[in-house]
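Structure below is final23.tsv: TSV, C-alpha atoms.
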```
chain	number	residue	atom	x	y	z
A	1	MET	CA	69.65	117.47	71.27
A	2	GLU	CA	68.71	115.60	68.09
A	3	ARG	CA	68.84	112.12	69.61
A	4	PHE	CA	70.45	110.12	72.41
A	5	VAL	CA	73.05	107.42	71.74
A	6	TYR	CA	74.30	105.39	74.66
A	7	ALA	CA	77.86	104.27	73.83
A	8	ASP	CA	79.25	103.53	77.29
A	9	ASN	CA	78.23	99.90	77.71
A	10	ALA	CA	81.60	98.99	79.20
A	11	ALA	CA	80.62	101.15	82.18
A	12	THR	CA	77.13	99.68	82.57
A	13	THR	CA	74.35	98.28	80.42
A	14	LYS	CA	70.62	98.69	80.14
A	15	ILE	CA	68.70	96.01	82.00
A	16	SER	CA	66.77	93.88	79.53
A	17	GLN	CA	63.02	93.38	79.71
A	18	PRO	CA	63.19	89.58	80.29
A	19	VAL	CA	65.60	90.16	83.17
A	20	LEU	CA	63.36	92.80	84.72
A	21	GLU	CA	60.35	90.49	84.41
A	22	ALA	CA	62.25	87.65	86.08
A	23	MET	CA	63.18	89.94	88.98
A	24	LEU	CA	59.79	91.57	89.60
A	25	PRO	CA	58.13	88.76	91.59
A	26	TYR	CA	60.97	88.90	94.14
A	27	LEU	CA	60.49	92.64	94.55
A	28	THR	CA	56.72	92.39	95.03
A	29	GLU	CA	54.87	89.18	95.93
A	30	GLU	CA	57.68	86.76	96.79
A	31	TYR	CA	59.73	88.89	99.18
A	32	GLY	CA	60.48	86.35	101.90
A	33	ASN	CA	63.88	86.01	103.57
A	34	PRO	CA	65.70	82.95	102.13
A	35	SER	CA	67.03	82.11	105.60
A	36	SER	CA	63.53	81.71	107.05
A	37	LEU	CA	62.32	78.18	107.77
A	38	TYR	CA	58.72	78.65	106.68
A	39	ARG	CA	57.34	78.05	103.20
A	40	PHE	CA	57.34	81.73	102.17
A	41	GLY	CA	61.09	81.93	102.79
A	42	ASN	CA	61.71	78.62	101.03
A	43	ILE	CA	60.32	80.11	97.81
A	44	THR	CA	63.10	82.69	97.66
A	45	LYS	CA	65.71	80.20	98.86
A	46	ARG	CA	64.86	77.94	95.93
A	47	ALA	CA	65.10	80.93	93.59
A	48	VAL	CA	68.62	81.71	94.85
A	49	GLU	CA	69.74	78.10	94.46
A	50	LYS	CA	68.22	77.87	90.99
A	51	ALA	CA	70.15	81.00	90.03
A	52	ARG	CA	73.33	79.48	91.46
A	53	GLN	CA	72.79	76.42	89.29
A	54	GLU	CA	72.24	78.56	86.18
A	55	VAL	CA	75.42	80.59	86.74
A	56	ALA	CA	77.41	77.42	87.37
A	57	GLU	CA	76.14	75.86	84.13
A	58	VAL	CA	77.24	78.88	82.08
A	59	LEU	CA	80.72	78.85	83.65
A	60	GLY	CA	81.19	75.08	83.61
A	61	ALA	CA	81.38	75.04	87.40
A	62	ASP	CA	79.69	73.30	90.31
A	63	PRO	CA	76.89	75.27	92.04
A	64	PHE	CA	78.76	74.87	95.36
A	65	GLU	CA	81.59	76.89	93.80
A	66	ILE	CA	79.46	80.00	93.13
A	67	ILE	CA	79.18	82.72	95.78
A	68	PHE	CA	76.97	85.75	95.14
A	69	THR	CA	78.44	89.15	95.99
A	70	GLY	CA	77.42	92.79	95.85
A	71	CYS	CA	79.53	93.50	92.74
A	72	GLY	CA	82.58	92.48	90.76
A	73	THR	CA	84.81	94.74	92.85
A	74	GLU	CA	83.83	92.89	96.01
A	75	ALA	CA	84.60	89.59	94.31
A	76	ASP	CA	88.01	90.88	93.20
A	77	ASN	CA	88.82	91.88	96.75
A	78	TRP	CA	88.69	88.23	97.77
A	79	VAL	CA	92.18	87.81	96.31
A	80	LYS	CA	93.51	89.67	99.35
A	81	GLU	CA	91.89	87.19	101.71
A	82	ILE	CA	93.23	84.24	99.74
A	83	MET	CA	96.76	85.67	99.72
A	84	ARG	CA	96.57	86.23	103.48
A	85	SER	CA	95.61	82.59	103.90
A	86	LEU	CA	98.43	81.43	101.62
A	87	GLN	CA	100.94	83.51	103.55
A	88	LYS	CA	100.67	81.00	106.39
A	89	LYS	CA	102.13	78.43	103.97
A	90	GLY	CA	105.05	80.66	103.05
A	91	LYS	CA	103.37	82.01	99.90
A	92	ASN	CA	103.83	85.77	100.10
A	93	HIS	CA	104.28	86.62	96.40
A	94	PHE	CA	101.40	87.85	94.25
A	95	ILE	CA	101.45	88.39	90.47
A	96	THR	CA	99.13	90.63	88.48
A	97	SER	CA	99.40	92.96	85.47
A	98	VAL	CA	99.90	96.70	85.08
A	99	VAL	CA	96.58	97.09	83.23
A	100	GLU	CA	94.18	95.55	85.76
A	101	HIS	CA	91.05	97.26	87.00
A	102	HIS	CA	91.65	99.35	90.09
A	103	ALA	CA	89.78	96.77	92.16
A	104	LEU	CA	92.79	94.50	91.60
A	105	LEU	CA	95.51	97.14	91.51
A	106	HIS	CA	94.40	98.71	94.78
A	107	SER	CA	94.12	95.25	96.34
A	108	ALA	CA	97.69	94.55	95.22
A	109	GLN	CA	98.85	97.84	96.72
A	110	ARG	CA	97.15	96.95	100.00
A	111	LEU	CA	98.98	93.63	100.02
A	112	GLU	CA	102.28	95.43	99.44
A	113	LYS	CA	101.61	97.62	102.48
A	114	GLU	CA	101.08	94.43	104.49
A	115	GLY	CA	104.50	93.11	103.47
A	116	PHE	CA	103.60	90.95	100.48
A	117	GLU	CA	105.73	91.05	97.36
A	118	VAL	CA	103.87	91.93	94.16
A	119	THR	CA	105.05	91.57	90.57
A	120	TYR	CA	103.28	93.63	87.90
A	121	ILE	CA	103.47	92.03	84.45
A	122	PRO	CA	103.96	94.54	81.57
A	123	VAL	CA	102.00	94.62	78.31
A	124	ASP	CA	102.91	95.31	74.68
A	125	LYS	CA	101.66	98.17	72.48
A	126	ASP	CA	98.28	96.42	72.04
A	127	GLY	CA	97.93	95.90	75.77
A	128	GLN	CA	98.57	92.18	75.36
A	129	ILE	CA	100.34	90.00	77.94
A	130	ASP	CA	103.02	87.45	77.04
A	131	PRO	CA	102.26	84.31	79.08
A	132	GLU	CA	105.99	83.59	79.20
A	133	ASP	CA	106.44	86.74	81.29
A	134	ILE	CA	104.20	85.13	83.90
A	135	ARG	CA	106.11	81.87	83.74
A	136	LYS	CA	109.36	83.78	84.38
A	137	ALA	CA	107.81	85.75	87.25
A	138	ILE	CA	106.58	82.68	89.17
A	139	ARG	CA	108.86	81.58	92.00
A	140	PRO	CA	108.61	79.12	94.92
A	141	GLU	CA	106.87	81.64	97.18
A	142	THR	CA	104.27	82.68	94.56
A	143	GLY	CA	100.78	81.96	95.85
A	144	LEU	CA	98.38	83.53	93.37
A	145	VAL	CA	98.29	85.04	89.89
A	146	SER	CA	95.44	87.37	88.89
A	147	ILE	CA	95.08	88.45	85.26
A	148	MET	CA	91.90	90.00	83.86
A	149	PHE	CA	90.04	88.12	81.12
A	150	ALA	CA	89.58	91.23	78.96
A	151	ASN	CA	90.61	94.82	79.49
A	152	ASN	CA	87.87	97.21	80.52
A	153	GLU	CA	89.39	100.21	78.72
A	154	ILE	CA	90.92	98.99	75.45
A	155	GLY	CA	89.04	95.69	75.08
A	156	THR	CA	92.08	93.43	74.59
A	157	ILE	CA	91.29	89.78	75.40
A	158	TYR	CA	94.03	87.85	77.21
A	159	PRO	CA	95.26	84.23	76.72
A	160	ILE	CA	93.58	83.04	79.90
A	161	LYS	CA	93.71	79.30	79.20
A	162	GLU	CA	97.45	79.42	78.53
A	163	ILE	CA	98.15	81.58	81.57
A	164	GLY	CA	96.09	79.25	83.75
A	165	ALA	CA	98.00	76.23	82.46
A	166	ILE	CA	101.32	77.89	83.33
A	167	CYS	CA	100.06	78.62	86.84
A	168	HIS	CA	98.87	75.05	87.37
A	169	GLU	CA	102.16	73.60	86.12
A	170	ALA	CA	103.85	75.59	88.87
A	171	GLY	CA	101.27	74.72	91.53
A	172	VAL	CA	100.04	78.33	91.71
A	173	LEU	CA	96.39	79.43	92.00
A	174	PHE	CA	94.93	81.49	89.16
A	175	HIS	CA	92.21	84.17	89.41
A	176	THR	CA	90.71	86.18	86.57
A	177	ASP	CA	88.63	89.33	86.71
A	178	ALA	CA	86.04	88.48	84.05
A	179	VAL	CA	83.79	91.47	84.72
A	180	GLN	CA	84.13	92.73	81.13
A	181	ALA	CA	84.19	89.28	79.53
A	182	ALA	CA	81.37	87.37	81.24
A	183	GLY	CA	78.28	87.40	79.06
A	184	HIS	CA	80.35	88.44	76.03
A	185	VAL	CA	82.95	85.67	75.69
A	186	LYS	CA	82.48	81.92	76.19
A	187	ILE	CA	83.97	80.86	79.52
A	188	ASN	CA	84.54	77.39	80.93
A	189	VAL	CA	86.50	77.58	84.16
A	190	LYS	CA	87.67	73.97	84.09
A	191	GLU	CA	88.76	73.94	80.44
A	192	MET	CA	90.49	77.30	80.90
A	193	ASN	CA	92.39	76.34	84.07
A	194	ILE	CA	90.65	79.04	86.13
A	195	ASP	CA	90.59	78.59	89.92
A	196	MET	CA	88.72	81.79	90.77
A	197	LEU	CA	86.67	84.26	88.72
A	198	SER	CA	84.82	87.53	89.32
A	199	LEU	CA	81.82	88.86	87.37
A	200	SER	CA	79.18	91.57	87.68
A	201	ALA	CA	75.59	91.48	86.41
A	202	HIS	CA	75.29	95.05	85.17
A	203	LYS	CA	77.88	94.46	82.43
A	204	PHE	CA	75.58	92.09	80.52
A	205	HIS	CA	72.11	93.67	80.86
A	206	GLY	CA	71.56	92.54	84.44
A	207	PRO	CA	70.94	94.71	87.51
A	208	LYS	CA	73.50	96.80	89.35
A	209	GLY	CA	74.51	95.82	92.88
A	210	VAL	CA	75.05	92.10	92.38
A	211	GLY	CA	78.01	90.00	91.25
A	212	ALA	CA	79.41	86.53	91.66
A	213	PHE	CA	82.67	84.90	92.69
A	214	TYR	CA	83.61	81.46	91.41
A	215	CYS	CA	86.03	79.64	93.71
A	216	ARG	CA	87.12	76.12	92.83
A	217	ARG	CA	86.19	73.48	95.40
A	218	GLY	CA	89.06	72.81	97.78
A	219	ILE	CA	90.41	76.37	97.94
A	220	PRO	CA	90.02	77.60	101.54
A	221	LEU	CA	88.08	80.85	101.74
A	222	THR	CA	88.19	83.29	104.64
A	223	ASN	CA	84.93	85.11	105.40
A	224	ILE	CA	84.82	88.41	103.59
A	225	ILE	CA	81.76	89.58	105.56
A	226	ASP	CA	80.95	88.17	109.00
A	227	GLY	CA	77.53	88.03	110.61
A	228	GLY	CA	75.52	85.15	109.19
A	229	ALA	CA	75.53	81.77	107.50
A	230	GLN	CA	74.59	82.95	104.01
A	231	GLU	CA	76.71	81.94	100.99
A	232	ARG	CA	78.36	78.98	102.73
A	233	GLY	CA	79.01	81.25	105.70
A	234	LYS	CA	81.58	83.18	103.67
A	235	ARG	CA	79.54	86.24	102.78
A	236	ALA	CA	77.03	87.15	105.46
A	237	GLY	CA	73.94	89.27	104.85
A	238	THR	CA	70.42	88.70	103.59
A	239	GLU	CA	70.60	87.73	99.94
A	240	ASN	CA	69.64	90.19	97.22
A	241	VAL	CA	67.17	87.68	95.78
A	242	ALA	CA	65.83	89.81	92.94
A	243	GLY	CA	69.36	90.85	91.96
A	244	ILE	CA	70.64	87.27	92.07
A	245	VAL	CA	67.75	86.07	89.90
A	246	GLY	CA	68.43	88.96	87.52
A	247	LEU	CA	72.13	88.09	87.30
A	248	ALA	CA	71.45	84.45	86.48
A	249	THR	CA	68.75	85.31	83.94
A	250	ALA	CA	70.92	87.90	82.20
A	251	LEU	CA	73.95	85.60	82.08
A	252	SER	CA	71.90	82.69	80.70
A	253	ILE	CA	70.36	84.87	77.99
A	254	ALA	CA	73.73	86.38	77.07
A	255	ASN	CA	75.31	82.95	76.85
A	256	LYS	CA	72.49	81.57	74.68
A	257	GLU	CA	72.50	84.55	72.28
A	258	MET	CA	76.27	85.18	72.34
A	259	GLU	CA	77.17	84.02	68.85
A	260	GLU	CA	74.51	86.10	67.13
A	261	THR	CA	75.06	89.13	69.38
A	262	THR	CA	78.84	89.05	68.94
A	263	LYS	CA	78.52	88.95	65.16
A	264	ARG	CA	76.18	91.95	65.05
A	265	VAL	CA	78.01	94.07	67.64
A	266	THR	CA	81.40	93.33	66.06
A	267	ALA	CA	80.10	94.55	62.71
A	268	MET	CA	78.91	97.82	64.27
A	269	ARG	CA	82.21	98.22	66.13
A	270	ASN	CA	84.24	97.70	62.96
A	271	LYS	CA	82.08	100.20	61.12
A	272	LEU	CA	82.68	102.71	63.92
A	273	ILE	CA	86.44	102.14	64.06
A	274	ASP	CA	86.88	102.26	60.27
A	275	GLY	CA	84.71	105.36	60.02
A	276	ILE	CA	86.68	107.25	62.66
A	277	LEU	CA	90.12	106.27	61.36
A	278	SER	CA	89.21	107.11	57.76
A	279	THR	CA	87.62	110.52	58.41
A	280	ILE	CA	89.58	112.03	61.31
A	281	PRO	CA	93.34	112.61	60.86
A	282	GLN	CA	95.91	112.10	63.59
A	283	CYS	CA	94.07	109.52	65.66
A	284	ARG	CA	94.83	105.93	66.63
A	285	LEU	CA	93.02	102.82	67.79
A	286	ASN	CA	94.10	101.55	71.20
A	287	GLY	CA	94.20	97.81	71.83
A	288	SER	CA	94.32	94.82	69.52
A	289	ARG	CA	92.30	95.26	66.33
A	290	GLU	CA	91.39	91.58	66.08
A	291	ASN	CA	91.67	90.17	69.60
A	292	ARG	CA	89.27	92.54	71.37
A	293	LEU	CA	85.81	92.59	72.90
A	294	ALA	CA	83.05	92.91	70.33
A	295	GLY	CA	81.75	96.29	71.43
A	296	ASN	CA	84.96	98.10	72.39
A	297	CYS	CA	86.30	101.09	70.44
A	298	ASN	CA	89.03	103.11	72.20
A	299	ILE	CA	90.53	105.95	70.16
A	300	SER	CA	93.15	108.61	70.95
A	301	PHE	CA	92.84	111.97	69.16
A	302	LEU	CA	95.98	114.08	69.05
A	303	GLY	CA	95.76	117.71	70.07
A	304	ILE	CA	92.67	117.63	72.31
A	305	GLU	CA	91.64	116.80	75.87
A	306	GLY	CA	89.42	113.78	76.45
A	307	GLU	CA	87.29	115.57	79.03
A	308	SER	CA	86.39	118.32	76.55
A	309	LEU	CA	85.60	115.70	73.94
A	310	LEU	CA	83.26	113.87	76.32
A	311	LEU	CA	81.42	117.07	77.20
A	312	ARG	CA	80.95	117.96	73.52
A	313	LEU	CA	79.73	114.45	72.77
A	314	ASP	CA	77.28	114.74	75.66
A	315	LEU	CA	75.92	117.99	74.24
A	316	ALA	CA	75.36	116.12	70.98
A	317	GLY	CA	73.47	113.39	72.85
A	318	ILE	CA	76.26	110.79	72.84
A	319	ALA	CA	77.26	109.12	76.10
A	320	ALA	CA	80.86	107.88	76.06
A	321	SER	CA	83.78	107.53	78.47
A	322	SER	CA	87.48	108.27	78.78
A	323	GLY	CA	88.13	104.92	80.46
A	324	SER	CA	87.05	103.09	83.59
A	325	ALA	CA	83.89	104.50	85.18
A	326	CYS	CA	85.44	103.76	88.58
A	327	ALA	CA	88.18	106.30	87.85
A	328	SER	CA	86.07	108.88	86.00
A	329	SER	CA	86.64	111.60	88.63
A	330	SER	CA	90.41	111.42	88.18
A	331	LEU	CA	92.17	113.89	85.90
A	332	ASP	CA	95.18	111.61	85.57
A	333	PRO	CA	95.64	109.86	82.20
A	334	SER	CA	94.59	106.22	81.99
A	335	HIS	CA	97.11	103.83	83.53
A	336	VAL	CA	96.21	101.38	80.75
A	337	LEU	CA	97.04	103.83	77.95
A	338	LEU	CA	100.30	104.80	79.64
A	339	ALA	CA	101.15	101.11	80.00
A	340	ILE	CA	100.84	100.54	76.24
A	341	GLY	CA	103.31	103.34	75.66
A	342	LEU	CA	101.20	106.41	74.90
A	343	PRO	CA	102.65	109.78	76.00
A	344	HIS	CA	100.60	111.62	78.63
A	345	GLU	CA	99.45	114.18	76.07
A	346	VAL	CA	98.12	111.50	73.70
A	347	ALA	CA	96.55	109.41	76.46
A	348	HIS	CA	94.68	112.49	77.67
A	349	GLY	CA	92.94	112.81	74.32
A	350	SER	CA	91.28	109.40	74.36
A	351	VAL	CA	87.67	108.27	74.33
A	352	ARG	CA	86.07	104.86	74.79
A	353	LEU	CA	82.94	104.18	72.76
A	354	SER	CA	81.45	100.83	73.78
A	355	LEU	CA	78.47	99.28	72.03
A	356	SER	CA	75.97	96.58	72.98
A	357	ASP	CA	73.19	94.66	71.26
A	358	PHE	CA	70.84	97.52	72.16
A	359	ASN	CA	72.75	99.80	69.78
A	360	THR	CA	71.89	100.13	66.09
A	361	ASP	CA	73.65	100.98	62.85
A	362	GLU	CA	71.86	104.31	63.03
A	363	ASP	CA	73.59	104.98	66.36
A	364	VAL	CA	76.96	104.37	64.72
A	365	ASP	CA	76.03	106.63	61.80
A	366	TYR	CA	75.09	109.39	64.24
A	367	ILE	CA	78.42	109.12	66.10
A	368	LEU	CA	80.30	109.23	62.80
A	369	GLU	CA	78.26	112.27	61.75
A	370	LYS	CA	78.95	114.27	64.92
A	371	LEU	CA	82.45	113.21	66.01
A	372	PRO	CA	84.57	114.71	63.17
A	373	ASP	CA	83.13	118.22	63.67
A	374	ILE	CA	83.56	117.98	67.45
A	375	VAL	CA	87.21	116.97	67.10
A	376	SER	CA	87.81	119.71	64.50
A	377	THR	CA	86.24	122.35	66.75
A	378	LEU	CA	88.29	121.33	69.77
A	379	ARG	CA	91.51	121.22	67.75
A	380	ALA	CA	90.84	124.75	66.47
A	381	MET	CA	90.96	125.91	70.11
A	382	SER	CA	93.92	123.76	71.14
A	383	PRO	CA	97.40	125.27	71.70
A	384	MET	CA	98.81	121.75	71.51
A	385	TRP	CA	97.26	121.16	68.08
A	386	GLU	CA	98.56	124.55	66.90
A	387	ALA	CA	102.06	123.63	68.06
A	388	MET	CA	101.80	120.32	66.22
A	389	GLN	CA	100.76	122.07	62.99
A	390	LYS	CA	103.78	124.39	63.28
A	391	GLY	CA	106.07	121.41	63.78
A	392	GLU	CA	107.07	122.54	67.26
A	393	VAL	CA	106.00	119.20	68.78
A	394	SER	CA	105.26	115.81	67.30
A	395	TYR	CA	104.02	112.44	68.49
A	396	ASP	CA	104.58	109.05	66.91
A	397	ILE	CA	101.25	107.18	66.82
```

Would you put the structure from the file into structure tokens?
Amino acid sequence: MERFVYADNAATTKISQPVLEAMLPYLTEEYGNPSSLYRFGNITKRAVEKARQEVAEVLGADPFEIIFTGCGTEADNWVKEIMRSLQKKGKNHFITSVVEHHALLHSAQRLEKEGFEVTYIPVDKDGQIDPEDIRKAIRPETGLVSIMFANNEIGTIYPIKEIGAICHEAGVLFHTDAVQAAGHVKINVKEMNIDMLSLSAHKFHGPKGVGAFYCRRGIPLTNIIDGGAQERGKRAGTENVAGIVGLATALSIANKEMEETTKRVTAMRNKLIDGILSTIPQCRLNGSRENRLAGNCNISFLGIEGESLLLRLDLAGIAASSGSACASSSLDPSHVLLAIGLPHEVAHGSVRLSLSDFNTDEDVDYILEKLPDIVSTLRAMSPMWEAMQKGEVSYDI
């Protein structure tokens, strides 16, 4: 292996040194339980509340509206509890999209099994949602709409402010899964008409195992974990103090450095996309070219299998992904790529290369050096590619 290039930052990111340093005291000297009444416990309690304040400031929220969770998936699962509460008011209709993360899609499927009605909003060829489709889908019994802020696979960013406004005009609550967007896109929950939001620290150089759920004041929340008075009594369990401090530190740093980071990462992403499209025939970019997350590059290569491509990249020292890390053990093609209209055979030959501010231009150069030969080698062994060259099959990309 000549070198190692980590290009799977949509799956998780490297924890930054300032974040690690902020966490260390709460893993070593200041390890008290925040629920304790004595001074040693008060130190960690103040650290948790300071972190809550910092997260609220970044999101334009009130500290009371921030609840710390174990991850973004846990935060997403709160939509089930809210829908169950709304059902008592005759609101048994839930709206989401076909390209959501499985944390939302599986929650929606659970609600369907419980008798709720669920509408799945379609997307166009770029994976984009038409807000008018949501307006048309809302009906008197609609209780909640949940649309992700940005897609975790193809990077498309959604018109959240407009969708939220449509929901509020109809008196419907609006939740967004911002796990991919938080720390990478400016978010103000009040200006963007967001009632609830999920995020996860490890997507913006924070630690794994900690997330946050924003819930606008006045929305009744059912306990998601019983057993204690932590997090307003809604999420019991001794707080992950070091993780919470790490989340807040990472989010604050990302927010402060966002403009500069976005400019640099976008330039590397564009160089990567342009380099791939100009040197490798019969491939296509998935997702919006302009309206996408800075570090996201999702490409489909005709005639090969994505799993084989990932293994060859790994042998070359390049870590990439075929889509969501939460679905990496599945051999089924990406539900997102199918939703934008790709045939199964094309969707199977896709790879997601996602960059962060820890990447360099030299990393991009290395990917562009290795990828064409890998694709060429795999196509030389591919019956599908052979059939395409003979004109026996064809795909419109």

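Checking A:Glu29, A:Glu132, A:Glu290, A:Glu141 one by one against Phe116 in chain A, counting all atoms listed in the file, you find the shortest gap at A:Glu141.
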
If we count all atoms listed in the file, what is near Ala181 in chain A at a cut-off of 8 Å, once residues fewer than 2 positions away on the same chain are taken out, given as a PyMOL selection string?
chain A and resi 149-150+178-179+183-185+293

Between range 127-225 of chain A and range 104-115 of chain A, at 10 Å or less, what are the per-residue closest atom pairs and their distances in Å? Count all atoms listed in the file, order by chain and rising residue number, and return it as a Markdown table.
```
| residue | atom | partner | partner_atom | distance |
| --- | --- | --- | --- | --- |
| A:Ser146 | CA | A:Leu104 | CA | 8.1 |
| A:Ile147 | CA | A:Leu104 | CA | 9.1 |
| A:Met148 | CA | A:Leu104 | CA | 9.0 |
| A:Thr176 | CA | A:Leu104 | CA | 9.9 |
| A:Asp177 | CA | A:Leu104 | CA | 8.2 |
```

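Note that the spacing between CA of Asn42 in chain A and CA of Val241 in chain A amounts to 11.8 Å.
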
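Across the structure, CA of Ile157 in chain A and CA of Arg292 in chain A are spaced 5.3 Å apart.
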
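With all atoms listed in the file as the atoms that count, the minimum distance from Arg352 in chain A to the choices A:Tyr395, A:Phe301, A:Tyr31, A:Tyr120 is reached by A:Phe301.
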
Set the distance at 12 Å and use all atoms listed in the file: which residues neighbour Asp226 in chain A once local chain neighbours fewer than 4 positions away are removed? I'd like the list as a PDB file with C-alpha atoms, in the coordinates of the input.
```pdb
ATOM      1  CA  THR A 222      88.190  83.290 104.640  1.00  0.00           C
ATOM      2  CA  GLN A 230      74.590  82.950 104.010  1.00  0.00           C
ATOM      3  CA  GLU A 231      76.710  81.940 100.990  1.00  0.00           C
ATOM      4  CA  ARG A 232      78.360  78.980 102.730  1.00  0.00           C
ATOM      5  CA  GLY A 233      79.010  81.250 105.700  1.00  0.00           C
ATOM      6  CA  LYS A 234      81.580  83.180 103.670  1.00  0.00           C
ATOM      7  CA  ARG A 235      79.540  86.240 102.780  1.00  0.00           C
ATOM      8  CA  ALA A 236      77.030  87.150 105.460  1.00  0.00           C
ATOM      9  CA  GLY A 237      73.940  89.270 104.850  1.00  0.00           C
ATOM     10  CA  THR A 238      70.420  88.700 103.590  1.00  0.00           C
TER      11      THR A 238
END
```

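Of the listed residues (A:Asp124, A:Glu260, A:Asp76, A:Asp365), A:Asp124 comes nearest to Ala339 in chain A; the distances count all atoms listed in the file.
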
From the list A:Cys297, A:Leu302, A:Leu368, A:Val123, the nearest residue to Ala387 in chain A using only C-alpha atoms is A:Leu302

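Taking CA of Ile82 in chain A and CA of Ile95 in chain A as the two end points, the separation is 13.1 Å.
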
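Nearest to Ile374 in chain A of all the residues A:Pro220, A:Pro34, A:Gly306, A:Pro333 is A:Gly306, counting all atoms listed in the file.
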
Skip Gln128 in chain A itself and residues of its chain fewer than 5 positions away, then list as a list in words all residues within 9 Å of it, counting all atoms listed in the file.
Pro122, Val123, Thr156, Ile157, Tyr158, Pro159, Gly287, Ser288 and Ile340 of chain A

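Shortest separation to Leu247 in chain A among A:Met83, A:Ala380, A:Met196, A:Ala182 occurs at residue A:Ala182, atoms counted being all atoms listed in the file.
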
Quick one: residues within 10 Å of Gly90 in chain A, only C-alpha atoms counted, chain neighbours fewer than 6 positions away excluded, as a PyMOL selection string?
chain A and resi 140-143

Which residues are close to Phe94 in chain A, i.e. within 7 Å by all atoms listed in the file, leaving aside same-chain residues fewer than 6 positions away? Reply as number ranges by chain.
A: 117-119, 142-145

Mind filling out range 269-280 of chain A with N, CA, C and O atoms and sending it as a CSV table (one decimal), in the frame of the given file?
```
chain,number,residue,atom,x,y,z
A,269,ARG,N,80.9,97.7,65.6
A,269,ARG,CA,82.2,98.2,66.1
A,269,ARG,C,83.2,98.5,65.0
A,269,ARG,O,83.9,99.5,65.0
A,270,ASN,N,83.3,97.5,64.1
A,270,ASN,CA,84.2,97.7,63.0
A,270,ASN,C,83.9,98.9,62.1
A,270,ASN,O,84.7,99.6,61.6
A,271,LYS,N,82.6,99.1,61.9
A,271,LYS,CA,82.1,100.2,61.1
A,271,LYS,C,82.5,101.5,61.8
A,271,LYS,O,82.9,102.5,61.2
A,272,LEU,N,82.3,101.5,63.1
A,272,LEU,CA,82.7,102.7,63.9
A,272,LEU,C,84.2,103.0,63.9
A,272,LEU,O,84.6,104.1,63.6
A,273,ILE,N,85.0,102.0,64.1
A,273,ILE,CA,86.4,102.1,64.1
A,273,ILE,C,86.9,102.6,62.7
A,273,ILE,O,87.7,103.6,62.6
A,274,ASP,N,86.5,101.9,61.6
A,274,ASP,CA,86.9,102.3,60.3
A,274,ASP,C,86.4,103.7,59.9
A,274,ASP,O,87.2,104.4,59.3
A,275,GLY,N,85.2,104.0,60.3
A,275,GLY,CA,84.7,105.4,60.0
A,275,GLY,C,85.5,106.5,60.7
A,275,GLY,O,85.8,107.5,60.1
A,276,ILE,N,85.9,106.2,61.9
A,276,ILE,CA,86.7,107.2,62.7
A,276,ILE,C,88.1,107.4,62.1
A,276,ILE,O,88.6,108.5,61.8
A,277,LEU,N,88.7,106.3,61.9
A,277,LEU,CA,90.1,106.3,61.4
A,277,LEU,C,90.2,106.8,59.9
A,277,LEU,O,91.3,107.4,59.6
A,278,SER,N,89.2,106.7,59.2
A,278,SER,CA,89.2,107.1,57.8
A,278,SER,C,88.8,108.6,57.6
A,278,SER,O,89.1,109.2,56.5
A,279,THR,N,88.1,109.2,58.6
A,279,THR,CA,87.6,110.5,58.4
A,279,THR,C,88.3,111.5,59.3
A,279,THR,O,88.2,112.7,59.0
A,280,ILE,N,88.9,111.1,60.4
A,280,ILE,CA,89.6,112.0,61.3
A,280,ILE,C,91.1,111.8,61.3
A,280,ILE,O,91.6,110.7,61.7
```
